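Asks: Below you'll find the structure I mean.
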Amino acid sequence: MAPRLATVPESHRVHLDVREGLRRGEEPFARIMAAVKTLAPDHVLVLRAPFEPVPLYDVLGKRGFAHWTERHAADDWSVWFYREVGRRTVLDVRALEPPQPMVRVLEEAERLGPDDELEVRHERRPVFLYPQLDERGFVHETDEPEPGVVRIRVRRR
Amino acid sequence: MASPPAARSGPSPLVPLAYLTCAASAFLAAALGIGWLARDLASHYYHPRVLALTHTVTLGWITLAIMGASYQLIPIVLERPIWSERLARWQLGVLAVAVVGMIAHFYLGTWPELAAAAGLLAAGIGLHLLNVGLSLRGFTRWTFTARMAMLGYGGLALTTLFGLALAINRMRPFLPGEFFPTLHAHVHLALLGWVTPMIFGVTARVYPMFLLAPVPGRWSCRLQLWGLAVGLPSVELGLVGVRGLLVPGALAVAVAAGSHAWWVLAAVRGRKRPGLDWGLRFALTGTGFLLPAAMLGGSLAADLLSGPRAAVAYAVIVLGGWVSLTIAGMMLKIVPFLVWHRAFGPRAGRERVPTLANLSWPWVEGTAYALLTGGVALLAVAALVGEVTAIRAAAAVLALGALAFSLVLVRILGHLSPRFQKTPATLVA
């Protein structure tokens with residue numbers, strides 16, 4: 001187990017067991033995401049599943065979560081999801097109508113820790129967003145990794 | 001490679017809002033004036049009062065609206081900061097005085113004073129072109145929108161010089177050729193050289209943004225560009241003397257208009273956005289008016305139709321239907337965004353803020369849509385028939401629509417007041 005996880009007190013662990021639900025044919029994704037959404041910054045999610053939930057690693061990784069996996073048996077797994085120190089969040093706002101991209105970016109930016117980074121994927125340079133980021137003490141840089149995609153990296157100053 | 005943002009300080013929403021507010025005032029004034037001029041509209045369009053009405057629409061409403069939108073869209077669409085927002089404010093003052101002066105002197109039929117106002121207008125437009133030109137110094141990303149904007153600004157410069165020449169010609173005749181073909185050339189230079197490229201160019205960038213749609217095929221953009229590039233000079237030459245170029249020029253313009261309509265339809269079909277708000281319905285209905293506009297314009301060019309009534313009906317469909325409904329729709333998207341940005345942007349991300357729809361009155365927008373679209377269609381038919389009573393009835397519908405539209409804008413702009421900004425809870429409910 002990662003040393004940091006061993007020190008997490010029981011009161012900061014959110015346990016979610018989806019084994020029984022899966023056996024009944026229920027879809028656990030919504031429950032997992034609901035648990036993640038309400039997770040406090042210093043809490044961890046301990047997921048119990050009948051198989052290794054590999055797709056979740058990517059989904060939650062994009063939200064800044066690292067994971068540690070423990071295999072108890074072939075059909076019994078525990079996965080700890082926790083926020084990385086200096087986490088990186090990717091936010092794609094290309095399918096949103098103005099001003100929602102600005103609202104979403106500023107919401108995510110306000111949650112950034114001192115070493116965190118927010119990577120925004122936009123379809124244009126958001127000229128109305130930059131002054132808001134400047135005024136709120138964020139540093140940002142913009143590039144275009146591919147045609148039609150504008151990437152803005154945001155960190156606290 | 002990482003690069004700094006295009007505009008560190010950010011564009012001021014108040015500059016475009018000031019232009020758009022002046023434009024909307026001109027729209028309301030024009031709509032209220034149509035009923036008053038019903039008898040003149042039923043006779044011949046070359047009447048001082050009808051010319052005053054026409055310039056209220058073309059300069060006060062359309063040109064100021066496009067200029068105001070430019071001051072918002074150049075930073076967003078072309079990703080260049082405005083060279084001088086202070087100059088943009090001064091320019092609005094010059095233009096407002098010039099436009100009011102021109103309308104007043106057209107109405108009164110006082111030609112030397114009209115020429116003076118036209119000179120002031122040319123100065124104001126020159127300031128705009130200077131500001132835009134300096135904003136775009138070193139610009140290298142020649143997208144379809146950028147090319148169309150350049151075509152439009154070139155068309156604006158030529159239209160202004162042409163109009164100034166017509167004003168001077170009224171006192172000291174020096175222009176060759178017959179008067180009415182020359183007048184028609186001025187009108188079509190403004191329409192095809194200034195208004196059309198700006199609408200085509202801006203549409204290509206903002207409709208996918210509003211509709212959440214992928215950008216439809218590039219071939220359509222090429223047809224729009226080449227259709228106008230070939231059609232505009234052909235129509236102009238056809239009108240001032242080389243008659244054989246008029247019909248081919250009109251056909252090239254019709255190809256451009258048809259490609260644009262196809263492009264808009266493809267964007268609507270490919271949209272991810274489930275519903276259409278009233279702003280989009282206005283703009284898309286405006287595009288629908290391109291079909292009767294092309295049919296009437298083509299018929300006039302081919303001499304299948306003639307006379308002042310058909311010309312007035314054509315002007316109503318083009319200026320009132322296509323251009324005005326498109327601009328009204330875009331204003332219902334742009335104005336709430338600018339107001340939202342000014343009033344609630346600094347609080348976004350920290351607390352709940354209203355959506356754009358919360359700032360407006362959708363049912364009044366719907367009322368304005370029904371009255372304005374219906375009013376334009378009625379007015380076009382009434383002008384074609386030349387029936388004064390029918391023109392007055394259509395004008396009444398249009399005036400009510402313009403009042404409803406103005407009411408919506410007043411409601412949205414009201415959120416700039418601190419009184420509204422202190423109570424977002426009532427808006428986000």
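Chain lettering (A, B, ...) mirrors the order of the structure tokens, residue numbering begins at 1 for each chain separately, and ligand numbering begins at 1 in order of display.
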Would you pick out the contacts of Gly375 of chain B at 12 Å or less, using only C-alpha atoms, so that residues sharing its chain but fewer than 6 positions from it are not included, and give the list as a list in words?

Replies: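 Contacts, with the query itself left out: Ala31, Ile34, Gly35, Val316, Ile317, Gly320, Gly321, Leu325, Thr367, Ala368, Tyr369, Val381, Ala382, Ala383, Ala390, Ile391, Arg392, Ala393, Ala394, Ala395, Ala396, Val397, Leu398, Ala399, Leu400, Gly401 and Ala402 of chain B.
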
Asks: Restrict the selected residues to N, CA and C atoms and save them as a JSON list (two decimals), in the first residue's frame.

Replies:
```json
[["chain", "number", "residue", "atom", "x", "y", "z"],
["B", 31, "ALA", "N", -38.73, 51.02, -37.61],
["B", 31, "ALA", "CA", -39.98, 50.25, -37.58],
["B", 31, "ALA", "C", -41.17, 51.15, -37.31],
["B", 34, "ILE", "N", -42.16, 53.31, -40.56],
["B", 34, "ILE", "CA", -42.68, 52.70, -41.80],
["B", 34, "ILE", "C", -44.15, 53.07, -42.02],
["B", 35, "GLY", "N", -44.94, 52.96, -40.95],
["B", 35, "GLY", "CA", -46.37, 53.28, -41.07],
["B", 35, "GLY", "C", -46.58, 54.72, -41.51],
["B", 316, "VAL", "N", -37.31, 45.05, -48.91],
["B", 316, "VAL", "CA", -37.90, 44.61, -47.63],
["B", 316, "VAL", "C", -37.45, 43.19, -47.30],
["B", 317, "ILE", "N", -37.47, 42.32, -48.30],
["B", 317, "ILE", "CA", -37.10, 40.92, -48.04],
["B", 317, "ILE", "C", -35.61, 40.81, -47.71],
["B", 320, "GLY", "N", -35.04, 43.70, -44.51],
["B", 320, "GLY", "CA", -35.91, 43.40, -43.35],
["B", 320, "GLY", "C", -35.93, 41.93, -43.01],
["B", 321, "GLY", "N", -35.92, 41.07, -44.04],
["B", 321, "GLY", "CA", -36.00, 39.63, -43.79],
["B", 321, "GLY", "C", -34.65, 39.02, -43.48],
["B", 325, "LEU", "N", -33.38, 40.07, -39.57],
["B", 325, "LEU", "CA", -33.68, 38.93, -38.69],
["B", 325, "LEU", "C", -32.39, 38.23, -38.25],
["B", 367, "THR", "N", -42.61, 36.49, -28.79],
["B", 367, "THR", "CA", -43.59, 37.44, -29.33],
["B", 367, "THR", "C", -42.92, 38.31, -30.40],
["B", 368, "ALA", "N", -41.71, 38.79, -30.10],
["B", 368, "ALA", "CA", -40.97, 39.63, -31.06],
["B", 368, "ALA", "C", -40.71, 38.83, -32.34],
["B", 369, "TYR", "N", -40.36, 37.57, -32.18],
["B", 369, "TYR", "CA", -40.08, 36.72, -33.35],
["B", 369, "TYR", "C", -41.33, 36.61, -34.25],
["B", 381, "VAL", "N", -45.23, 41.70, -49.18],
["B", 381, "VAL", "CA", -46.39, 41.48, -50.06],
["B", 381, "VAL", "C", -47.14, 42.80, -50.29],
["B", 382, "ALA", "N", -47.33, 43.57, -49.19],
["B", 382, "ALA", "CA", -48.06, 44.84, -49.30],
["B", 382, "ALA", "C", -47.32, 45.81, -50.22],
["B", 383, "ALA", "N", -45.98, 45.84, -50.13],
["B", 383, "ALA", "CA", -45.21, 46.74, -50.99],
["B", 383, "ALA", "C", -45.29, 46.30, -52.44],
["B", 390, "ALA", "N", -52.59, 48.10, -46.55],
["B", 390, "ALA", "CA", -51.87, 46.87, -46.20],
["B", 390, "ALA", "C", -50.47, 47.20, -45.68],
["B", 391, "ILE", "N", -49.83, 48.21, -46.27],
["B", 391, "ILE", "CA", -48.50, 48.61, -45.77],
["B", 391, "ILE", "C", -48.62, 49.11, -44.34],
["B", 392, "ARG", "N", -49.67, 49.89, -44.07],
["B", 392, "ARG", "CA", -49.85, 50.42, -42.71],
["B", 392, "ARG", "C", -50.09, 49.27, -41.71],
["B", 393, "ALA", "N", -50.88, 48.27, -42.14],
["B", 393, "ALA", "CA", -51.16, 47.13, -41.25],
["B", 393, "ALA", "C", -49.86, 46.37, -40.96],
["B", 394, "ALA", "N", -49.08, 46.11, -42.02],
["B", 394, "ALA", "CA", -47.80, 45.41, -41.83],
["B", 394, "ALA", "C", -46.86, 46.22, -40.96],
["B", 395, "ALA", "N", -46.88, 47.54, -41.17],
["B", 395, "ALA", "CA", -46.00, 48.42, -40.38],
["B", 395, "ALA", "C", -46.38, 48.37, -38.90],
["B", 396, "ALA", "N", -47.69, 48.27, -38.63],
["B", 396, "ALA", "CA", -48.13, 48.20, -37.23],
["B", 396, "ALA", "C", -47.60, 46.91, -36.59],
["B", 397, "VAL", "N", -47.68, 45.80, -37.32],
["B", 397, "VAL", "CA", -47.17, 44.52, -36.80],
["B", 397, "VAL", "C", -45.66, 44.63, -36.54],
["B", 398, "LEU", "N", -44.96, 45.20, -37.52],
["B", 398, "LEU", "CA", -43.51, 45.36, -37.38],
["B", 398, "LEU", "C", -43.15, 46.25, -36.19],
["B", 399, "ALA", "N", -43.90, 47.33, -36.03],
["B", 399, "ALA", "CA", -43.61, 48.26, -34.92],
["B", 399, "ALA", "C", -43.79, 47.56, -33.58],
["B", 400, "LEU", "N", -44.85, 46.75, -33.46],
["B", 400, "LEU", "CA", -45.07, 46.01, -32.21],
["B", 400, "LEU", "C", -43.93, 45.01, -31.99],
["B", 401, "GLY", "N", -43.49, 44.38, -33.07],
["B", 401, "GLY", "CA", -42.37, 43.43, -32.96],
["B", 401, "GLY", "C", -41.09, 44.12, -32.52],
["B", 402, "ALA", "N", -40.84, 45.30, -33.11],
["B", 402, "ALA", "CA", -39.63, 46.05, -32.74],
["B", 402, "ALA", "C", -39.70, 46.51, -31.28]]
```

Asks: Write out as an NGL selection string all residues of segment 312-372 of chain B that DSSP puts in helix (DSSP H, G or I) for this structure's backbone.

Replies: :B and (312-347 or 356-359 or 362-372)

Asks: Please find the residues of chain A near chain B - the criterion being any atom within 6 Å, counting only C-alpha atoms - and write them as a PyMOL selection string.

Replies: chain A and resi 103+106-107+127-128+131+142-143

Asks: Have a look at A:Arg63, A:Gln100, A:Ala109, A:Pro9 and name the one nearest to Asp134 of chain A; count only C-alpha atoms.

Replies: A:Ala109

Asks: Identify which of the residues B:Ala52, B:Val388, B:Val57, B:Leu225 lies closest to Leu28 of chain B, counting only C-alpha atoms when measuring atom-to-atom distances.

Replies: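 Residue with the minimum atom-to-atom distance to Leu28 of chain B: B:Val57.
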
Asks: Between A:Leu60, A:Met102, A:Val79, A:Val150, which has the minimum distance to Lys37 of chain A (counting only C-alpha atoms)?

Replies: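 Closest to Lys37 of chain A, using only C-alpha atoms: A:Leu60.
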
Asks: Could you list, as JSON, numbers by chain, every residue within 12 Å of Thr89 of chain A, counting only C-alpha atoms and ignoring same-chain residues fewer than 3 positions away?

Replies: {"A": [58, 59, 60, 61, 62, 63, 64, 65, 66, 83, 84, 85, 86, 92, 105, 108, 109, 111, 112, 113, 115, 116, 117, 118, 119, 120, 121, 152, 153, 154, 155]}

Asks: Need to verify the contact set: Thr69 of chain A, 10 Å, only C-alpha atoms, exclusion of same-chain residues closer than 4 positions in sequence. Can you return it as a list in words?

Replies: Met1, Ala2, Val46, Leu47, Glu52, Pro53, Trp77, Ser78, Val79, Trp80 and Phe81 of chain A

Asks: For atom CA of Gly163 of chain B and atom CA of His47 of chain B, quote the distance in Å rounded to one decimal.

Replies: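 For atom CA of Gly163 of chain B relative to atom CA of His47 of chain B, the distance reads 16.3 Å.
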
Asks: Please provide the set of residues having any atom within 12 Å of segment 180-183 of chain B, restricted to only C-alpha atoms, with same-chain residues fewer than 2 positions apart removed, written as a ChimeraX atom specification.

Replies: /B:45-46,51,159,162-167,169-170,175-178,185-190,235-243,246,301,307-308,311

Asks: I want to know what sits within 6 Å of Trp194 of chain B, based on only C-alpha atoms, with residues of the same chain fewer than 6 positions away left out; could you give that as a PyMOL selection string?

Replies: chain B and resi 152+155-156

Asks: Can you spit out the residues from that selection as a compact mmCIF listing (two decimals), in the first residue's frame, using C-alpha atoms?

Replies:
```
# COMPACT_ATOMS: atom_id res chain seq x y z
CA GLY B 152 -16.45 43.36 -46.17
CA GLY B 155 -16.71 46.91 -49.54
CA LEU B 156 -17.50 49.33 -46.70
```

Asks: Residues near Phe27 of chain B, anyone? I mean within 9 Å using only C-alpha atoms, not counting same-chain ones fewer than 6 positions away, as a ChimeraX atom specification.

Replies: /B:56-57,60-62,324,402,406

Asks: Deliver the residues from the most recent selection as a file, using C-alpha atoms, as a tab-separated table (two decimals), in the first residue's frame.

Replies:
```tsv
chain	number	residue	atom	x	y	z
B	56	THR	CA	-31.96	54.61	-40.85
B	57	VAL	CA	-31.99	50.88	-41.59
B	60	GLY	CA	-28.23	53.25	-38.14
B	61	TRP	CA	-29.32	49.65	-37.69
B	62	ILE	CA	-27.24	47.38	-39.92
B	324	SER	CA	-32.44	42.28	-40.00
B	402	ALA	CA	-39.63	46.05	-32.74
B	406	SER	CA	-36.42	46.50	-27.64
```
